[in-house]
$ cat coords.cif   # mmCIF, C-alpha atoms
data_coords
#
loop_
_atom_site.label_atom_id
_atom_site.label_comp_id
_atom_site.auth_asym_id
_atom_site.auth_seq_id
_atom_site.Cartn_x
_atom_site.Cartn_y
_atom_site.Cartn_z
CA MET A 1 254.79 23.92 -94.39
CA PHE A 2 254.37 21.92 -91.18
CA GLU A 3 256.64 19.39 -89.49
CA ALA A 4 255.72 16.54 -87.15
CA THR A 5 257.28 13.54 -85.45
CA THR A 6 256.25 9.89 -85.29
CA PRO A 7 256.13 7.38 -82.44
CA ALA A 8 258.45 4.37 -82.68
CA TYR A 9 255.86 1.89 -83.97
CA GLU A 10 256.91 -1.66 -83.15
CA TRP A 11 256.60 -2.95 -86.75
CA GLY A 12 259.34 -0.53 -87.88
CA ALA A 13 257.41 1.85 -90.16
CA VAL A 14 255.06 4.81 -89.81
CA TYR A 15 251.41 3.89 -89.18
CA GLY A 16 249.32 5.03 -92.15
CA GLY A 17 246.71 6.56 -89.87
CA LEU A 18 249.34 8.92 -88.47
CA PHE A 19 249.92 10.34 -91.95
CA LEU A 20 246.17 10.77 -92.42
CA GLY A 21 245.53 12.46 -89.09
CA GLN A 22 248.53 14.76 -89.25
CA ALA A 23 247.92 15.71 -92.89
CA LEU A 24 244.30 16.58 -92.16
CA TRP A 25 245.27 18.63 -89.12
CA ALA A 26 247.94 20.52 -91.12
CA ALA A 27 245.37 21.35 -93.80
CA THR A 28 242.88 22.41 -91.12
CA GLN A 29 245.31 25.14 -90.03
CA THR A 30 244.94 26.80 -93.45
CA VAL A 31 241.13 27.13 -93.54
CA GLY A 32 238.69 29.29 -91.60
CA GLU A 33 237.39 28.06 -88.26
CA ASP A 34 233.87 27.71 -89.68
CA PHE A 35 235.06 25.08 -92.17
CA SER A 36 235.08 21.41 -91.13
CA PRO A 37 236.53 18.45 -93.07
CA HIS A 38 234.01 16.32 -94.92
CA SER A 39 236.27 14.04 -96.96
CA LEU A 40 239.87 12.93 -97.43
CA HIS A 41 241.51 10.93 -100.22
CA ALA A 42 245.08 9.64 -99.82
CA TYR A 43 247.62 7.67 -101.83
CA PHE A 44 250.44 5.93 -99.98
CA VAL A 45 253.47 6.35 -102.26
CA ARG A 46 256.30 5.04 -100.05
CA GLY A 47 256.75 3.67 -96.56
CA GLY A 48 257.53 6.22 -93.86
CA LEU A 49 260.76 6.27 -91.85
CA LEU A 50 260.60 6.31 -88.05
CA SER A 51 264.02 7.93 -87.80
CA GLU A 52 263.04 11.22 -89.43
CA PRO A 53 260.53 14.02 -88.93
CA ILE A 54 257.63 14.23 -91.39
CA ARG A 55 256.96 17.35 -93.46
CA TYR A 56 253.47 18.39 -94.58
CA GLU A 57 253.32 20.92 -97.42
CA VAL A 58 249.78 22.27 -97.82
CA HIS A 59 248.71 23.66 -101.22
CA ARG A 60 245.59 25.81 -101.58
CA LEU A 61 243.68 24.37 -104.54
CA ARG A 62 240.43 26.28 -104.10
CA ASP A 63 238.83 28.70 -101.66
CA GLY A 64 235.09 28.82 -102.24
CA LYS A 65 232.30 30.26 -100.15
CA SER A 66 231.08 26.91 -98.84
CA PHE A 67 233.80 24.44 -99.94
CA VAL A 68 237.60 24.65 -99.84
CA THR A 69 240.10 22.10 -101.12
CA ARG A 70 243.68 21.41 -100.08
CA ARG A 71 246.40 19.12 -101.39
CA ILE A 72 248.89 17.93 -98.77
CA VAL A 73 252.24 16.58 -99.95
CA VAL A 74 253.91 14.48 -97.26
CA THR A 75 257.68 14.09 -97.58
CA GLN A 76 260.79 12.69 -95.92
CA SER A 77 264.35 12.39 -97.22
CA VAL A 78 263.31 9.55 -99.55
CA GLY A 79 260.91 11.95 -101.29
CA GLU A 80 257.14 12.06 -101.33
CA VAL A 81 255.61 9.36 -99.13
CA VAL A 82 251.90 10.26 -99.15
CA THR A 83 249.67 12.50 -101.25
CA VAL A 84 246.41 13.69 -99.70
CA ILE A 85 243.45 15.71 -100.98
CA ALA A 86 241.21 17.09 -98.23
CA SER A 87 237.95 18.96 -98.67
CA PHE A 88 236.27 21.21 -96.10
CA THR A 89 232.80 22.72 -95.99
CA THR A 90 230.55 25.09 -94.08
CA GLU A 91 227.39 23.27 -95.22
CA ARG A 92 225.16 22.45 -92.24
CA SER A 93 221.68 20.97 -92.05
CA PRO A 94 219.67 19.36 -89.23
CA ALA A 95 218.15 16.87 -91.71
CA ARG A 96 219.70 13.41 -91.45
CA ARG A 97 218.68 9.89 -92.44
CA ASP A 98 220.91 6.89 -91.76
CA HIS A 99 220.50 3.85 -94.02
CA VAL A 100 223.24 1.88 -92.23
CA LYS A 101 222.35 0.80 -88.71
CA PHE A 102 224.60 0.04 -85.76
CA PRO A 103 225.36 -3.71 -85.86
CA LYS A 104 223.46 -5.57 -83.15
CA ASP A 105 225.56 -8.74 -83.35
CA VAL A 106 228.77 -7.19 -81.96
CA ALA A 107 229.51 -8.02 -78.33
CA PRO A 108 229.83 -5.14 -75.86
CA VAL A 109 233.31 -3.83 -75.09
CA ALA A 110 233.36 -5.38 -71.61
CA GLU A 111 232.92 -8.90 -73.02
CA LEU A 112 235.92 -8.79 -75.38
CA GLU A 113 239.63 -9.21 -74.76
CA GLY A 114 241.77 -6.16 -75.41
CA ARG A 115 245.16 -5.41 -76.90
CA TRP A 116 247.12 -2.35 -77.96
CA ASP A 117 247.73 -1.47 -81.60
CA ALA A 118 249.23 1.78 -82.99
CA GLY A 119 248.81 3.42 -79.60
CA LEU A 120 245.11 2.52 -79.55
CA GLU A 121 243.21 0.14 -77.30
CA ARG A 122 241.31 -2.33 -79.49
CA ARG A 123 238.92 -5.19 -78.82
CA ASP A 124 238.01 -7.43 -81.74
CA ALA A 125 234.71 -9.26 -82.15
CA VAL A 126 234.72 -12.81 -83.57
CA PHE A 127 232.34 -13.97 -86.29
CA ARG A 128 231.65 -17.13 -88.26
CA SER A 129 234.41 -18.17 -90.65
CA ASP A 130 232.00 -17.82 -93.60
CA ASP A 131 231.30 -14.20 -92.68
CA PRO A 132 234.49 -12.29 -93.66
CA ARG A 133 234.33 -9.32 -91.35
CA VAL A 134 236.37 -7.56 -88.68
CA SER A 135 234.50 -5.49 -86.09
CA THR A 136 236.76 -3.64 -83.69
CA TRP A 137 236.01 -1.51 -80.67
CA VAL A 138 238.76 1.08 -80.49
CA ARG A 139 239.66 3.87 -78.08
CA GLY A 140 242.48 6.37 -78.06
CA SER A 141 243.61 9.06 -75.66
CA PHE A 142 243.18 11.93 -78.12
CA GLU A 143 242.97 15.55 -77.08
CA SER A 144 239.45 16.70 -76.25
CA ASP A 145 239.00 20.25 -77.43
CA SER A 146 236.24 22.76 -78.02
CA ASP A 147 237.46 22.79 -81.64
CA LYS A 148 235.70 19.63 -82.88
CA ARG A 149 237.83 19.63 -86.03
CA ILE A 150 240.60 17.99 -84.03
CA HIS A 151 238.25 15.04 -83.52
CA ALA A 152 238.06 14.62 -87.31
CA SER A 153 241.84 14.20 -87.36
CA SER A 154 241.49 11.66 -84.55
CA LEU A 155 238.93 9.75 -86.62
CA ALA A 156 241.33 9.82 -89.56
CA TYR A 157 244.02 8.27 -87.35
CA VAL A 158 241.66 5.51 -86.18
CA SER A 159 240.29 4.78 -89.67
CA ASP A 160 243.41 2.90 -90.80
CA LEU A 161 243.32 0.40 -87.94
CA ASN A 162 241.42 -2.68 -89.19
CA LEU A 163 240.85 -2.31 -92.93
CA ILE A 164 243.87 -4.43 -93.86
CA ASP A 165 242.64 -7.04 -91.35
CA ALA A 166 239.30 -7.10 -93.19
CA THR A 167 241.11 -7.48 -96.51
CA VAL A 168 242.96 -10.49 -95.08
CA GLU A 169 239.60 -12.06 -94.19
CA GLY A 170 238.47 -11.55 -97.79
CA HIS A 171 241.56 -13.14 -99.36
CA PRO A 172 240.80 -16.13 -101.66
CA THR A 173 242.96 -18.30 -99.36
CA PRO A 174 242.94 -16.41 -96.05
CA PRO A 175 246.25 -16.82 -94.21
CA SER A 176 246.18 -17.47 -90.49
CA GLN A 177 246.35 -14.54 -88.10
CA GLY A 178 249.92 -13.48 -87.45
CA GLN A 179 251.13 -15.38 -90.51
CA TRP A 180 249.94 -13.23 -93.40
CA SER A 181 252.70 -10.61 -93.01
CA LYS A 182 255.26 -13.42 -93.27
CA ASP A 183 253.68 -14.96 -96.36
CA TYR A 184 252.81 -11.74 -98.18
CA LEU A 185 254.29 -8.34 -98.91
CA CYS A 186 251.38 -6.22 -97.72
CA LEU A 187 251.00 -2.53 -98.55
CA SER A 188 248.17 -0.03 -98.19
CA LEU A 189 247.77 1.66 -101.57
CA ASP A 190 245.10 4.28 -100.99
CA HIS A 191 242.55 5.37 -98.41
CA VAL A 192 239.31 7.38 -98.42
CA ILE A 193 237.26 8.83 -95.56
CA TRP A 194 233.90 10.58 -95.57
CA PHE A 195 232.93 12.32 -92.32
CA HIS A 196 229.27 12.24 -91.25
CA GLY A 197 229.48 13.25 -87.59
CA ALA A 198 231.89 14.14 -84.82
CA MET A 199 233.29 12.39 -81.76
CA GLU A 200 232.02 13.78 -78.47
CA SER A 201 235.33 13.30 -76.65
CA GLY A 202 238.88 12.25 -77.38
CA ASP A 203 238.73 9.03 -75.34
CA GLU A 204 235.36 7.51 -76.29
CA TRP A 205 234.91 4.00 -77.60
CA LEU A 206 234.25 3.74 -81.34
CA LEU A 207 233.15 0.69 -83.31
CA MET A 208 234.78 0.00 -86.68
CA ASP A 209 232.68 -2.53 -88.59
CA ALA A 210 234.84 -3.53 -91.59
CA ARG A 211 234.07 -5.90 -94.45
CA PRO A 212 236.03 -6.92 -97.55
CA LEU A 213 234.37 -6.00 -100.85
CA VAL A 214 236.52 -7.67 -103.51
CA PHE A 215 239.93 -9.29 -104.01
CA SER A 216 241.45 -9.24 -107.50
CA ASN A 217 244.93 -9.05 -109.05
CA ASN A 218 246.61 -9.31 -105.62
CA ARG A 219 244.63 -6.28 -104.43
CA GLY A 220 241.81 -6.20 -101.93
CA VAL A 221 239.29 -3.45 -101.15
CA ALA A 222 237.58 -3.17 -97.76
CA GLN A 223 235.06 -0.77 -96.27
CA ALA A 224 234.60 0.26 -92.65
CA MET A 225 231.68 1.98 -90.97
CA ILE A 226 232.79 3.88 -87.87
CA PHE A 227 230.09 4.29 -85.22
CA SER A 228 229.97 6.06 -81.90
CA ALA A 229 229.07 3.92 -78.89
CA LYS A 230 225.63 5.57 -79.03
CA GLY A 231 225.09 4.15 -82.50
CA GLU A 232 225.64 7.20 -84.70
CA LEU A 233 227.55 6.64 -87.96
CA LEU A 234 230.49 9.05 -87.69
CA ALA A 235 232.51 8.15 -90.78
CA THR A 236 232.87 5.75 -93.69
CA ALA A 237 236.33 4.62 -94.79
CA MET A 238 237.58 2.51 -97.68
CA GLN A 239 241.05 1.21 -98.46
CA GLU A 240 242.80 -0.84 -101.12
CA GLY A 241 245.71 -3.05 -100.11
CA LEU A 242 248.27 -5.00 -102.07
CA PHE A 243 249.01 -8.62 -101.07
CA ARG A 244 251.94 -9.94 -103.11
CA PRO A 245 253.19 -13.43 -102.19
CA ARG A 246 256.76 -13.39 -100.88
CA GLY A 247 259.36 -15.43 -102.70
#
$ encode --input "coords.cif" --output "structure tokens"
Amino acid sequence: MFEATTPAYEWGAVYGGLFLGQALWAATQTVGEDFSPHSLHAYFVRGGLLSEPIRYEVHRLRDGKSFVTRRIVVTQSVGEVVTVIASFTTERSPARRDHVKFPKDVAPVAELEGRWDAGLERRDAVFRSDDPRVSTWVRGSFESDSDKRIHASSLAYVSDLNLIDATVEGHPTPPSQGQWSKDYLCLSLDHVIWFHGAMESGDEWLLMDARPLVFSNNRGVAQAMIFSAKGELLATAMQEGLFRPRG
């Protein structure tokens, strides 16, 4: 059992990426140092409260020679708020072939205006209106450590940043920026991450290239490719969000 705190996010609820990063780091404490996370699957059950600590209960589902699996139950006084399954592996191979390339149509960081979101510095690229897509340069001030597994938890934190924004772009009648949260009850339902590489430092720029895949029955699915500034694909994330019209 682990306990953590949350920053006072300005929108009044816990940032989903905080749950992901903290849950993965709690699970990491229960596996051998030679195991690194390779995937994470999460369901957001309830909204998190800023006024309370967050408890992470890690269950050992399997301890294999090359793969281990953990279930993390995240709770507050309202009950279970997030359920996470995380898998770790010792599998290593120098062979690699990337079929997704770093997008060449995204402006460099220095050419984009910045803002802060969830404690992260972000700079959003702008595309044609008929190209539903959100590409975001993002940088945090995460701890840089010789234990690269902490960088996986940092990636998990970042991975929740712009997927809902991409889902908004893919809505059948896209609401204007800043207006969609007023017109719709918006909730993240679930989230998946696959890790392909590791960050080199805790304060490097990453590019999240996110696109909507489908919108149906008030739910939208989006996918994000997370690249290092050098062009390496570090992670793939997917998320489904609920957009229910208010009133």
$ resolve_selection --input "coords.cif" --expression "the PyMOL selection byres ((chain A and resi 1-5) around 8)" --output "compact mmCIF listing (two decimals) with C-alpha atoms, in the coordinates of the input"
# COMPACT_ATOMS: atom_id res chain seq x y z
CA THR A 6 256.25 9.89 -85.29
CA PRO A 7 256.13 7.38 -82.44
CA GLN A 22 248.53 14.76 -89.25
CA ALA A 26 247.94 20.52 -91.12
CA GLU A 52 263.04 11.22 -89.43
CA PRO A 53 260.53 14.02 -88.93
CA ILE A 54 257.63 14.23 -91.39
CA ARG A 55 256.96 17.35 -93.46
CA TYR A 56 253.47 18.39 -94.58
CA GLU A 57 253.32 20.92 -97.42
CA VAL A 58 249.78 22.27 -97.82
$ resolve_selection --input "coords.cif" --expression "the PyMOL selection byres ((chain A and resi 9-15) around 9)" --output "list in words"
Thr6, Pro7, Ala8, Gly16, Gly17, Leu18, Phe19, Gly47, Gly48, Leu49, Leu50, Ala118, Gly119, Tyr157, Asp160 and Leu161 of chain A
$ write_last_selection --input "coords.cif" --atoms "C-alpha atoms" --output "short mmCIF file (atom, residue, chain, number, x, y, z; two decimals), in the coordinates of the input"
data_model
loop_
_atom_site.label_atom_id
_atom_site.label_comp_id
_atom_site.auth_asym_id
_atom_site.auth_seq_id
_atom_site.Cartn_x
_atom_site.Cartn_y
_atom_site.Cartn_z
CA THR A 6 256.25 9.89 -85.29
CA PRO A 7 256.13 7.38 -82.44
CA ALA A 8 258.45 4.37 -82.68
CA GLY A 16 249.32 5.03 -92.15
CA GLY A 17 246.71 6.56 -89.87
CA LEU A 18 249.34 8.92 -88.47
CA PHE A 19 249.92 10.34 -91.95
CA GLY A 47 256.75 3.67 -96.56
CA GLY A 48 257.53 6.22 -93.86
CA LEU A 49 260.76 6.27 -91.85
CA LEU A 50 260.60 6.31 -88.05
CA ALA A 118 249.23 1.78 -82.99
CA GLY A 119 248.81 3.42 -79.60
CA TYR A 157 244.02 8.27 -87.35
CA ASP A 160 243.41 2.90 -90.80
CA LEU A 161 243.32 0.40 -87.94
#
$ atom_distance --input "coords.cif" --atom1 "CA of Thr236 in chain A" --atom2 "CA of Ile193 in chain A"
5.7 Å
$ residues_around --input "coords.cif" --residues "range 138-152 of chain A" --least-positions-apart "6" --cutoff "6 Å" --atoms "all atoms listed in the file" --output "ChimeraX atom specification"
/A:120-122,199,201-206
$ resolve_selection --input "coords.cif" --expression "the PyMOL selection byres ((chain A and resi 242) around 10)" --output "PDB file with C-alpha atoms, in the frame of the given file"
ATOM      1  CA  ILE A 164     243.870  -4.430 -93.860  1.00  0.00           C
ATOM      2  CA  THR A 167     241.110  -7.480 -96.510  1.00  0.00           C
ATOM      3  CA  TYR A 184     252.810 -11.740 -98.180  1.00  0.00           C
ATOM      4  CA  LEU A 185     254.290  -8.340 -98.910  1.00  0.00           C
ATOM      5  CA  CYS A 186     251.380  -6.220 -97.720  1.00  0.00           C
ATOM      6  CA  LEU A 187     251.000  -2.530 -98.550  1.00  0.00           C
ATOM      7  CA  SER A 188     248.170  -0.030 -98.190  1.00  0.00           C
ATOM      8  CA  LEU A 189     247.770   1.660-101.570  1.00  0.00           C
ATOM      9  CA  ASP A 190     245.100   4.280-100.990  1.00  0.00           C
ATOM     10  CA  PHE A 215     239.930  -9.290-104.010  1.00  0.00           C
ATOM     11  CA  SER A 216     241.450  -9.240-107.500  1.00  0.00           C
ATOM     12  CA  ASN A 217     244.930  -9.050-109.050  1.00  0.00           C
ATOM     13  CA  ASN A 218     246.610  -9.310-105.620  1.00  0.00           C
ATOM     14  CA  ARG A 219     244.630  -6.280-104.430  1.00  0.00           C
ATOM     15  CA  GLY A 220     241.810  -6.200-101.930  1.00  0.00           C
ATOM     16  CA  VAL A 221     239.290  -3.450-101.150  1.00  0.00           C
ATOM     17  CA  GLU A 240     242.800  -0.840-101.120  1.00  0.00           C
ATOM     18  CA  GLY A 241     245.710  -3.050-100.110  1.00  0.00           C
ATOM     19  CA  PHE A 243     249.010  -8.620-101.070  1.00  0.00           C
ATOM     20  CA  ARG A 244     251.940  -9.940-103.110  1.00  0.00           C
ATOM     21  CA  PRO A 245     253.190 -13.430-102.190  1.00  0.00           C
TER      22      PRO A 245
END
$ atom_distance --input "coords.cif" --atom1 "CA of Arg62 in chain A" --atom2 "CA of His41 in chain A"
15.9 Å
$ closest_residue --input "coords.cif" --among "A:Ala237, A:Arg60, A:Val81, A:Thr136" --to "Leu40 in chain A" --atoms "only C-alpha atoms"
A:Ala237
$ closest_residue --input "coords.cif" --among "A:Leu155, A:Ser36, A:Gly170, A:Glu80" --to "Gly21 in chain A" --atoms "all atoms listed in the file"
A:Leu155
$ residues_around --input "coords.cif" --residues "Met238 in chain A" --least-positions-apart "5" --cutoff "6 Å" --atoms "all atoms listed in the file" --output "JSON, numbers by chain"
{"A": [191, 192, 222, 223]}
$ decode --input "coords.cif" --residues "range 34-112 of chain A" --atoms "C-alpha atoms" --output "PDB file, in the first residue's frame"
ATOM      1  CA  ASP A  34      15.839  -5.527 -13.874  1.00  0.00           C
ATOM      2  CA  PHE A  35      12.149  -5.293 -14.821  1.00  0.00           C
ATOM      3  CA  SER A  36      10.919  -2.254 -16.759  1.00  0.00           C
ATOM      4  CA  PRO A  37       7.301  -1.338 -17.596  1.00  0.00           C
ATOM      5  CA  HIS A  38       6.204  -2.120 -21.134  1.00  0.00           C
ATOM      6  CA  SER A  39       2.454  -1.449 -20.950  1.00  0.00           C
ATOM      7  CA  LEU A  40      -0.273   0.032 -18.776  1.00  0.00           C
ATOM      8  CA  HIS A  41      -4.061  -0.203 -19.036  1.00  0.00           C
ATOM      9  CA  ALA A  42      -6.284   1.996 -16.856  1.00  0.00           C
ATOM     10  CA  TYR A  43      -9.982   2.585 -16.255  1.00  0.00           C
ATOM     11  CA  PHE A  44     -11.076   5.873 -14.712  1.00  0.00           C
ATOM     12  CA  VAL A  45     -13.948   4.928 -12.393  1.00  0.00           C
ATOM     13  CA  ARG A  46     -14.572   8.208 -10.539  1.00  0.00           C
ATOM     14  CA  GLY A  47     -13.144  11.706 -10.433  1.00  0.00           C
ATOM     15  CA  GLY A  48     -10.361  12.286  -7.916  1.00  0.00           C
ATOM     16  CA  LEU A  49     -10.610  14.700  -4.987  1.00  0.00           C
ATOM     17  CA  LEU A  50      -7.922  17.344  -4.517  1.00  0.00           C
ATOM     18  CA  SER A  51      -8.636  17.581  -0.792  1.00  0.00           C
ATOM     19  CA  GLU A  52      -7.513  14.049   0.059  1.00  0.00           C
ATOM     20  CA  PRO A  53      -4.421  11.874  -0.261  1.00  0.00           C
ATOM     21  CA  ILE A  54      -4.504   9.083  -2.845  1.00  0.00           C
ATOM     22  CA  ARG A  55      -3.932   5.441  -1.895  1.00  0.00           C
ATOM     23  CA  TYR A  56      -2.373   2.899  -4.268  1.00  0.00           C
ATOM     24  CA  GLU A  57      -2.901  -0.756  -3.371  1.00  0.00           C
ATOM     25  CA  VAL A  58      -0.664  -2.994  -5.491  1.00  0.00           C
ATOM     26  CA  HIS A  59      -1.700  -6.623  -6.075  1.00  0.00           C
ATOM     27  CA  ARG A  60       0.772  -9.198  -7.392  1.00  0.00           C
ATOM     28  CA  LEU A  61      -1.027 -11.021 -10.208  1.00  0.00           C
ATOM     29  CA  ARG A  62       1.929 -12.905 -11.651  1.00  0.00           C
ATOM     30  CA  ASP A  63       5.679 -13.165 -11.162  1.00  0.00           C
ATOM     31  CA  GLY A  64       7.246 -14.827 -14.186  1.00  0.00           C
ATOM     32  CA  LYS A  65      10.853 -15.096 -15.276  1.00  0.00           C
ATOM     33  CA  SER A  66      10.603 -12.452 -17.977  1.00  0.00           C
ATOM     34  CA  PHE A  67       7.167 -10.849 -17.390  1.00  0.00           C
ATOM     35  CA  VAL A  68       5.411  -9.722 -14.211  1.00  0.00           C
ATOM     36  CA  THR A  69       1.925  -8.266 -13.872  1.00  0.00           C
ATOM     37  CA  ARG A  70       0.452  -5.971 -11.235  1.00  0.00           C
ATOM     38  CA  ARG A  71      -3.034  -4.636 -10.567  1.00  0.00           C
ATOM     39  CA  ILE A  72      -3.142  -1.236  -8.856  1.00  0.00           C
ATOM     40  CA  VAL A  73      -6.358  -0.194  -7.123  1.00  0.00           C
ATOM     41  CA  VAL A  74      -6.481   3.566  -6.580  1.00  0.00           C
ATOM     42  CA  THR A  75      -8.821   4.753  -3.828  1.00  0.00           C
ATOM     43  CA  GLN A  76     -10.011   7.788  -1.890  1.00  0.00           C
ATOM     44  CA  SER A  77     -12.867   8.150   0.602  1.00  0.00           C
ATOM     45  CA  VAL A  78     -15.424   7.931  -2.241  1.00  0.00           C
ATOM     46  CA  GLY A  79     -14.122   4.445  -3.045  1.00  0.00           C
ATOM     47  CA  GLU A  80     -12.174   3.163  -6.010  1.00  0.00           C
ATOM     48  CA  VAL A  81     -11.321   5.948  -8.461  1.00  0.00           C
ATOM     49  CA  VAL A  82      -8.970   4.222 -10.917  1.00  0.00           C
ATOM     50  CA  THR A  83      -8.084   0.618 -11.743  1.00  0.00           C
ATOM     51  CA  VAL A  84      -4.745  -0.028 -13.434  1.00  0.00           C
ATOM     52  CA  ILE A  85      -3.051  -3.131 -14.846  1.00  0.00           C
ATOM     53  CA  ALA A  86       0.692  -2.725 -15.422  1.00  0.00           C
ATOM     54  CA  SER A  87       3.028  -5.222 -17.025  1.00  0.00           C
ATOM     55  CA  PHE A  88       6.817  -5.309 -16.684  1.00  0.00           C
ATOM     56  CA  THR A  89       9.454  -7.258 -18.584  1.00  0.00           C
ATOM     57  CA  THR A  90      13.150  -8.067 -18.728  1.00  0.00           C
ATOM     58  CA  GLU A  91      13.021  -8.739 -22.486  1.00  0.00           C
ATOM     59  CA  ARG A  92      15.757  -6.784 -24.288  1.00  0.00           C
ATOM     60  CA  SER A  93      16.872  -6.808 -27.908  1.00  0.00           C
ATOM     61  CA  PRO A  94      18.970  -4.411 -30.017  1.00  0.00           C
ATOM     62  CA  ALA A  95      16.743  -5.112 -33.051  1.00  0.00           C
ATOM     63  CA  ARG A  96      14.308  -2.280 -33.770  1.00  0.00           C
ATOM     64  CA  ARG A  97      12.295  -1.109 -36.768  1.00  0.00           C
ATOM     65  CA  ASP A  98      10.047   1.955 -36.599  1.00  0.00           C
ATOM     66  CA  HIS A  99       7.114   2.105 -39.029  1.00  0.00           C
ATOM     67  CA  VAL A 100       5.906   5.474 -37.693  1.00  0.00           C
ATOM     68  CA  LYS A 101       8.181   8.386 -38.490  1.00  0.00           C
ATOM     69  CA  PHE A 102       8.647  11.675 -36.673  1.00  0.00           C
ATOM     70  CA  PRO A 103       6.213  14.183 -38.238  1.00  0.00           C
ATOM     71  CA  LYS A 104       8.048  16.693 -40.414  1.00  0.00           C
ATOM     72  CA  ASP A 105       5.179  19.187 -40.584  1.00  0.00           C
ATOM     73  CA  VAL A 106       5.309  20.217 -36.911  1.00  0.00           C
ATOM     74  CA  ALA A 107       6.964  23.561 -36.232  1.00  0.00           C
ATOM     75  CA  PRO A 108      10.003  23.633 -33.934  1.00  0.00           C
ATOM     76  CA  VAL A 109       9.448  24.453 -30.271  1.00  0.00           C
ATOM     77  CA  ALA A 110      10.976  27.922 -30.587  1.00  0.00           C
ATOM     78  CA  GLU A 111       8.387  28.973 -33.192  1.00  0.00           C
ATOM     79  CA  LEU A 112       5.309  28.153 -31.087  1.00  0.00           C
TER      80      LEU A 112
END
